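K.L.:
My questions will all concern the structure given below.
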Amino acid sequence: MTLKLRSVGTSDRGLIRSGNQDALHAGAWLVAVADGMGGMAAGDLASRIAIDAIAPLDVETPEDALVAALQSGIELATARIRQAVAEDPERQGMGTTLTALLFSRTGSCLALAHIGDSRAYLFREGTLKQITRDDTFVQMLVDQGVISPEEAASHPRRAVVTQALQGEDVSPTYATMVPWAGDRWLLCSDGLSNVVRPDTLAEVLAETADQEQCARRLIDLALRAGGPDNVTVLIADIVEE
């Protein structure tokens with residue numbers, strides 16, 4: 001039995017924003033979502049730089065090289081963003097989140113890289129689990145016991161990130177996991193997770209087998225909730241081949 005990654009991604013500007021600063025990559029070995037920040041042109045540029053920097057990782061990679069590959073991709077994205085800011089000082093402050101999964105060539109392992117407040121969820125055997133931890137001010141307050149997760153959802157500073165790719169040294173989170181046949185991964189920008197409840201996400205992931213339909217349903221739910229931000233959804237299934 002060999003496990004393979006099958007992925008589909010889609011993005012929508014939303015109902016409020018004038019442009020889309022999100023970017024994504026949905027490949028056979030690599031899936032990733034980036035959410036740009038720092039002004040329209042600069043945010044769009046930062047997310048595209050990040051995705052372009054890690055897209056070449058979408059190749060067969062040995063299990064023991066997964067994390068190192070993601071680290072090198074993030075280092076390249078950081079250097080390119082730094083260069084872009086140096087070329088145009090008006091880009092100062094631009095940055096992007098990045099959440100990525102890299103699947104091993106044998107199907108025995110996958111690695112996660114994460115920085116910012118885009119998210120990776122794992123839907124396994126009927127249960128949805130948020131795998132990433134938001135790099136945000138409100139998550140820090142939750143961790144400190146100052147506010148509850150419910151209060152965080154409506155906190156006025158919930159969009160303030162504490163880490164992003166901005167051309168400076170950062171400390172992304174890296175992890176490795178053993179994939180199971182039947183696993184379904186959801187990677188998304190906060191345009192989805194800020195407005196659609198986890199139980200609703202789980203319901204759609206369980207009920208909608210077709211990946212494209214599933215992604216579209218989740219986008220539609222975000223739009224129905226007001227679509228206040230760009231919304232990007234990537235569905236990645238672990239299948240037997």
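Chains: A, B, ... in order of the structure tokens. Residues: from 1 per chain. Ligands: from 1, in order shown.
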Please list as a list in words every residue within 10 Å of Ala209 of chain A, counting only C-alpha atoms and excluding residues in the same chain fewer than 4 positions away.

P.N.:
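Final neighbour list, sorted by chain and number: Arg184, Val204, Leu205, Gln213, Cys214 and Asp237 of chain A.
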
K.L.:
Could you list, as a list in words, every residue within 6 Å of Gln21 of chain A, counting only C-alpha atoms and ignoring same-chain residues fewer than 5 positions away?

P.N.:
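So, after excluding close chain neighbours, the residues are Gly36, Gly43 and Asp44 of chain A.
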
K.L.:
Quick one: residues within 9 Å of Glu151 of chain A, only C-alpha atoms, excluding same-chain residues fewer than 3 positions away - as a list in words?

P.N.:
Val138, Val142, Ile147, Ser148, Ser154 and His155 of chain A

K.L.:
Of the candidates A:Ser171, A:Leu76, A:Asp220, A:Asp183, which shows the shortest atom-to-atom distance to Val195 of chain A, using only C-alpha atoms?

P.N.:
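Among the listed residues, the smallest separation from Val195 of chain A belongs to A:Asp220.
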
K.L.:
May I have all residues of segment 8-241 of chain A that DSSP, computed from the backbone, assigns to strand (DSSP E or B), given as a CSV table (one decimal) with N, CA, C and O atoms, in the first residue's frame?

P.N.:
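What ended up in out_35.csv:
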chain,number,residue,atom,x,y,z
A,8,VAL,N,-6.5,20.1,-3.9
A,8,VAL,CA,-7.2,21.1,-4.7
A,8,VAL,C,-7.3,22.4,-3.9
A,8,VAL,O,-7.5,22.3,-2.6
A,9,GLY,N,-7.1,23.5,-4.5
A,9,GLY,CA,-7.1,24.8,-3.8
A,9,GLY,C,-7.9,25.9,-4.5
A,9,GLY,O,-7.9,25.8,-5.8
A,10,THR,N,-8.5,26.8,-3.8
A,10,THR,CA,-9.2,27.9,-4.5
A,10,THR,C,-9.2,29.1,-3.6
A,10,THR,O,-9.0,29.0,-2.3
A,11,SER,N,-9.3,30.3,-4.2
A,11,SER,CA,-9.3,31.5,-3.4
A,11,SER,C,-10.3,32.5,-3.9
A,11,SER,O,-10.6,32.5,-5.1
A,12,ASP,N,-10.8,33.4,-3.0
A,12,ASP,CA,-11.8,34.4,-3.4
A,12,ASP,C,-11.4,35.7,-2.7
A,12,ASP,O,-10.9,35.7,-1.6
A,22,ASP,N,-4.0,36.8,-0.9
A,22,ASP,CA,-3.7,35.4,-0.6
A,22,ASP,C,-3.0,34.8,-1.8
A,22,ASP,O,-3.2,35.2,-2.9
A,23,ALA,N,-2.3,33.7,-1.5
A,23,ALA,CA,-1.7,32.9,-2.6
A,23,ALA,C,-1.7,31.5,-2.1
A,23,ALA,O,-1.7,31.2,-0.9
A,24,LEU,N,-1.6,30.5,-3.0
A,24,LEU,CA,-1.6,29.1,-2.6
A,24,LEU,C,-0.8,28.3,-3.6
A,24,LEU,O,-0.6,28.7,-4.7
A,25,HIS,N,-0.5,27.1,-3.2
A,25,HIS,CA,0.1,26.1,-4.0
A,25,HIS,C,-0.6,24.7,-3.7
A,25,HIS,O,-0.5,24.3,-2.5
A,26,ALA,N,-1.1,24.1,-4.6
A,26,ALA,CA,-1.8,22.8,-4.4
A,26,ALA,C,-1.1,21.8,-5.4
A,26,ALA,O,-1.5,21.7,-6.6
A,30,LEU,N,3.5,19.0,-2.3
A,30,LEU,CA,3.5,20.2,-1.4
A,30,LEU,C,2.2,20.9,-1.5
A,30,LEU,O,1.6,21.1,-2.6
A,31,VAL,N,1.6,21.3,-0.4
A,31,VAL,CA,0.5,22.2,-0.3
A,31,VAL,C,0.8,23.4,0.6
A,31,VAL,O,1.5,23.2,1.6
A,32,ALA,N,0.4,24.6,0.2
A,32,ALA,CA,0.7,25.7,1.0
A,32,ALA,C,-0.3,26.9,0.8
A,32,ALA,O,-0.8,27.0,-0.3
A,33,VAL,N,-0.5,27.7,1.9
A,33,VAL,CA,-1.3,28.8,1.9
A,33,VAL,C,-0.5,30.0,2.5
A,33,VAL,O,0.1,29.8,3.5
A,34,ALA,N,-0.6,31.2,1.8
A,34,ALA,CA,0.0,32.4,2.3
A,34,ALA,C,-1.0,33.5,2.3
A,34,ALA,O,-1.7,33.7,1.3
A,35,ASP,N,-1.0,34.3,3.3
A,35,ASP,CA,-1.9,35.5,3.4
A,35,ASP,C,-1.1,36.7,3.6
A,35,ASP,O,-0.4,36.9,4.7
A,36,GLY,N,-1.0,37.6,2.6
A,36,GLY,CA,-0.2,38.8,2.6
A,36,GLY,C,-0.7,39.9,3.5
A,36,GLY,O,-1.9,40.0,3.7
A,37,MET,N,0.2,40.8,3.9
A,37,MET,CA,-0.2,41.9,4.7
A,37,MET,C,0.7,43.1,4.4
A,37,MET,O,1.8,42.9,3.8
A,95,GLY,N,4.5,41.7,4.6
A,95,GLY,CA,4.8,40.4,5.1
A,95,GLY,C,3.7,39.4,4.7
A,95,GLY,O,2.8,39.8,4.0
A,96,THR,N,3.9,38.2,5.1
A,96,THR,CA,2.9,37.2,4.8
A,96,THR,C,3.0,36.0,5.8
A,96,THR,O,4.0,35.8,6.4
A,98,LEU,N,2.5,31.9,6.3
A,98,LEU,CA,2.8,30.7,5.5
A,98,LEU,C,2.5,29.5,6.3
A,98,LEU,O,3.0,29.3,7.4
A,99,THR,N,1.6,28.6,5.7
A,99,THR,CA,1.4,27.3,6.3
A,99,THR,C,1.5,26.3,5.2
A,99,THR,O,0.9,26.4,4.1
A,100,ALA,N,2.4,25.3,5.4
A,100,ALA,CA,2.7,24.4,4.3
A,100,ALA,C,2.9,23.0,4.8
A,100,ALA,O,3.4,22.8,5.9
A,101,LEU,N,2.5,22.0,4.0
A,101,LEU,CA,2.7,20.6,4.2
A,101,LEU,C,3.5,20.0,3.1
A,101,LEU,O,3.2,20.2,1.9
A,102,LEU,N,4.6,19.2,3.4
A,102,LEU,CA,5.4,18.6,2.5
A,102,LEU,C,5.3,17.1,2.7
A,102,LEU,O,5.6,16.6,3.8
A,103,PHE,N,4.9,16.3,1.7
A,103,PHE,CA,4.7,14.9,1.8
A,103,PHE,C,5.9,14.1,1.3
A,103,PHE,O,6.5,14.5,0.3
A,110,LEU,N,4.9,13.2,6.7
A,110,LEU,CA,4.7,14.6,6.1
A,110,LEU,C,5.2,15.6,7.2
A,110,LEU,O,5.2,15.3,8.4
A,111,ALA,N,5.7,16.7,6.7
A,111,ALA,CA,6.2,17.7,7.5
A,111,ALA,C,5.4,19.0,7.4
A,111,ALA,O,4.9,19.3,6.3
A,112,LEU,N,5.3,19.7,8.5
A,112,LEU,CA,4.5,21.0,8.5
A,112,LEU,C,5.4,22.1,8.8
A,112,LEU,O,6.3,22.0,9.7
A,113,ALA,N,5.2,23.2,8.1
A,113,ALA,CA,5.9,24.5,8.5
A,113,ALA,C,4.8,25.6,8.6
A,113,ALA,O,3.8,25.6,7.8
A,114,HIS,N,4.9,26.4,9.7
A,114,HIS,CA,3.9,27.3,9.9
A,114,HIS,C,4.4,28.6,10.6
A,114,HIS,O,5.2,28.6,11.5
A,115,ILE,N,3.9,29.8,10.1
A,115,ILE,CA,4.2,31.0,10.7
A,115,ILE,C,3.0,32.0,10.4
A,115,ILE,O,2.5,32.0,9.2
A,119,ARG,N,-4.1,28.6,8.9
A,119,ARG,CA,-4.2,27.4,9.7
A,119,ARG,C,-4.2,26.1,8.9
A,119,ARG,O,-4.5,26.1,7.7
A,120,ALA,N,-3.8,25.0,9.6
A,120,ALA,CA,-3.9,23.7,9.0
A,120,ALA,C,-4.7,22.9,10.0
A,120,ALA,O,-4.4,22.9,11.2
A,121,TYR,N,-5.8,22.3,9.5
A,121,TYR,CA,-6.6,21.4,10.3
A,121,TYR,C,-6.5,20.0,9.7
A,121,TYR,O,-6.4,19.8,8.5
A,122,LEU,N,-6.5,19.0,10.6
A,122,LEU,CA,-6.6,17.6,10.2
A,122,LEU,C,-7.9,17.0,10.5
A,122,LEU,O,-8.3,17.0,11.7
A,123,PHE,N,-8.6,16.4,9.5
A,123,PHE,CA,-9.9,15.7,9.7
A,123,PHE,C,-9.6,14.2,9.6
A,123,PHE,O,-9.3,13.8,8.5
A,124,ARG,N,-9.6,13.6,10.7
A,124,ARG,CA,-9.2,12.1,10.8
A,124,ARG,C,-10.3,11.3,11.5
A,124,ARG,O,-10.6,11.7,12.7
A,127,THR,N,-13.1,13.3,13.2
A,127,THR,CA,-12.7,14.4,14.2
A,127,THR,C,-11.8,15.4,13.6
A,127,THR,O,-10.8,15.1,12.9
A,128,LEU,N,-12.2,16.7,13.8
A,128,LEU,CA,-11.4,17.8,13.2
A,128,LEU,C,-10.5,18.3,14.4
A,128,LEU,O,-10.9,18.6,15.5
A,129,LYS,N,-9.2,18.5,14.0
A,129,LYS,CA,-8.2,19.0,15.0
A,129,LYS,C,-7.4,20.1,14.3
A,129,LYS,O,-6.9,19.9,13.2
A,130,GLN,N,-7.3,21.3,15.0
A,130,GLN,CA,-6.5,22.3,14.5
A,130,GLN,C,-5.0,22.0,14.9
A,130,GLN,O,-4.7,21.8,16.1
A,136,THR,N,-0.5,35.0,17.0
A,136,THR,CA,-1.3,36.2,17.2
A,136,THR,C,-1.3,36.7,18.6
A,136,THR,O,-1.0,36.0,19.5
A,161,VAL,N,-0.9,39.9,14.2
A,161,VAL,CA,0.0,38.7,14.2
A,161,VAL,C,1.3,39.1,14.9
A,161,VAL,O,1.7,40.2,14.9
A,165,LEU,N,6.4,36.3,7.8
A,165,LEU,CA,7.6,36.4,7.0
A,165,LEU,C,7.7,37.9,6.5
A,165,LEU,O,6.9,38.3,5.7
A,173,THR,N,7.2,27.3,13.2
A,173,THR,CA,7.0,26.0,13.8
A,173,THR,C,7.1,25.0,12.8
A,173,THR,O,6.6,25.1,11.6
A,174,TYR,N,7.9,23.9,13.1
A,174,TYR,CA,8.1,22.8,12.2
A,174,TYR,C,7.6,21.5,13.0
A,174,TYR,O,7.9,21.4,14.2
A,175,ALA,N,7.0,20.6,12.3
A,175,ALA,CA,6.6,19.3,12.9
A,175,ALA,C,6.5,18.2,11.8
A,175,ALA,O,6.4,18.5,10.7
A,176,THR,N,6.7,17.0,12.3
A,176,THR,CA,6.5,15.9,11.3
A,176,THR,C,5.4,15.0,11.9
A,176,THR,O,5.2,14.9,13.1
A,177,MET,N,4.6,14.3,11.0
A,177,MET,CA,3.5,13.5,11.4
A,177,MET,C,3.5,12.3,10.5
A,177,MET,O,4.0,12.3,9.3
A,184,ARG,N,-7.9,13.9,5.8
A,184,ARG,CA,-8.2,15.0,5.0
A,184,ARG,C,-7.7,16.3,5.7
A,184,ARG,O,-8.0,16.5,6.9
A,185,TRP,N,-6.8,17.0,5.0
A,185,TRP,CA,-6.2,18.2,5.5
A,185,TRP,C,-7.0,19.4,4.9
A,185,TRP,O,-7.3,19.5,3.7
A,186,LEU,N,-7.2,20.4,5.8
A,186,LEU,CA,-7.7,21.7,5.4
A,186,LEU,C,-6.7,22.8,5.7
A,186,LEU,O,-6.3,22.9,6.9
A,187,LEU,N,-6.1,23.4,4.7
A,187,LEU,CA,-5.3,24.6,4.9
A,187,LEU,C,-6.1,25.8,4.5
A,187,LEU,O,-6.8,25.8,3.4
A,188,CYS,N,-6.1,26.9,5.3
A,188,CYS,CA,-6.9,28.1,5.0
A,188,CYS,C,-6.3,29.3,5.5
A,188,CYS,O,-5.5,29.3,6.5
A,231,VAL,N,-10.4,35.0,1.2
A,231,VAL,CA,-10.6,33.6,1.8
A,231,VAL,C,-10.0,32.6,0.8
A,231,VAL,O,-10.3,32.5,-0.4
A,232,THR,N,-9.1,31.8,1.4
A,232,THR,CA,-8.4,30.8,0.6
A,232,THR,C,-8.6,29.4,1.3
A,232,THR,O,-8.4,29.3,2.5
A,233,VAL,N,-8.9,28.4,0.5
A,233,VAL,CA,-9.2,27.1,1.0
A,233,VAL,C,-8.4,26.1,0.2
A,233,VAL,O,-8.5,26.1,-1.0
A,234,LEU,N,-7.7,25.2,0.9
A,234,LEU,CA,-7.0,24.1,0.2
A,234,LEU,C,-7.3,22.8,0.9
A,234,LEU,O,-7.2,22.6,2.1
A,235,ILE,N,-7.8,21.8,0.1
A,235,ILE,CA,-8.2,20.5,0.6
A,235,ILE,C,-7.2,19.5,0.1
A,235,ILE,O,-6.9,19.4,-1.1
A,236,ALA,N,-6.5,18.8,1.0
A,236,ALA,CA,-5.6,17.8,0.6
A,236,ALA,C,-5.9,16.4,1.3
A,236,ALA,O,-6.0,16.3,2.5
A,237,ASP,N,-6.2,15.4,0.5
A,237,ASP,CA,-6.6,14.1,0.9
A,237,ASP,C,-5.4,13.1,0.8
A,237,ASP,O,-4.6,13.1,-0.2
A,238,ILE,N,-5.3,12.3,1.8
A,238,ILE,CA,-4.3,11.2,1.8
A,238,ILE,C,-5.0,9.9,1.3
A,238,ILE,O,-5.9,9.4,2.0
A,239,VAL,N,-4.6,9.4,0.2
A,239,VAL,CA,-5.3,8.3,-0.5
A,239,VAL,C,-4.4,7.1,-0.7
A,239,VAL,O,-3.2,7.3,-0.9
A,240,GLU,N,-5.0,5.9,-0.7
A,240,GLU,CA,-4.2,4.7,-1.1
A,240,GLU,C,-4.1,4.6,-2.6
A,240,GLU,O,-5.1,4.9,-3.3

K.L.:
Would you mind reading off the distance between atom CA of Ile81 of chain A and atom CA of Asp229 of chain A, one decimal, in Å?

P.N.:
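Going from atom CA of Ile81 of chain A over to atom CA of Asp229 of chain A, I get 22.8 Å.
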
K.L.:
Need to verify the contact set: Met140 of chain A, 9 Å, only C-alpha atoms, exclusion of same-chain residues closer than 6 positions in sequence. Can you return it as a ChimeraX atom specification?

P.N.:
/A:134,146,162

K.L.:
Give the alpha helix (DSSP H) residues of segment 73-201 of chain A, as DSSP finds them on the backbone, and put them as a PyMOL selection string.

P.N.:
chain A and resi 73-87+137-143+149-153+190-193+198-201

K.L.:
Pick out the closest residue to Ser108 of chain A from this set: A:Ala152, A:Ile74, A:Leu66, A:Val170. Count only C-alpha atoms.

P.N.:
A:Leu66

K.L.:
Write out as an MDAnalysis selection string the residues lying within 9 Å of Gly73 of chain A, counting only C-alpha atoms and excluding same-chain residues fewer than 5 positions away.

P.N.:
chainID A and resid 50 53:57 68 78

K.L.:
Quick check, in Å to one decimal: how far apart do atom CA of Leu15 of chain A and atom CA of Ala46 of chain A lie?

P.N.:
21.9 Å

K.L.:
In terms of the shortest atom-to-atom distance over only C-alpha atoms, which of A:Pro228, A:Pro156, A:Gly126, A:Gly93 is closest to Glu203 of chain A?

P.N.:
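Using only C-alpha atoms, the shortest distance to Glu203 of chain A belongs to A:Gly126.
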
K.L.:
Quick one, how far is atom CA of Met94 of chain A from atom CA of Gln139 of chain A?

P.N.:
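Separating atom CA of Met94 of chain A from atom CA of Gln139 of chain A is a distance of 21.7 Å.
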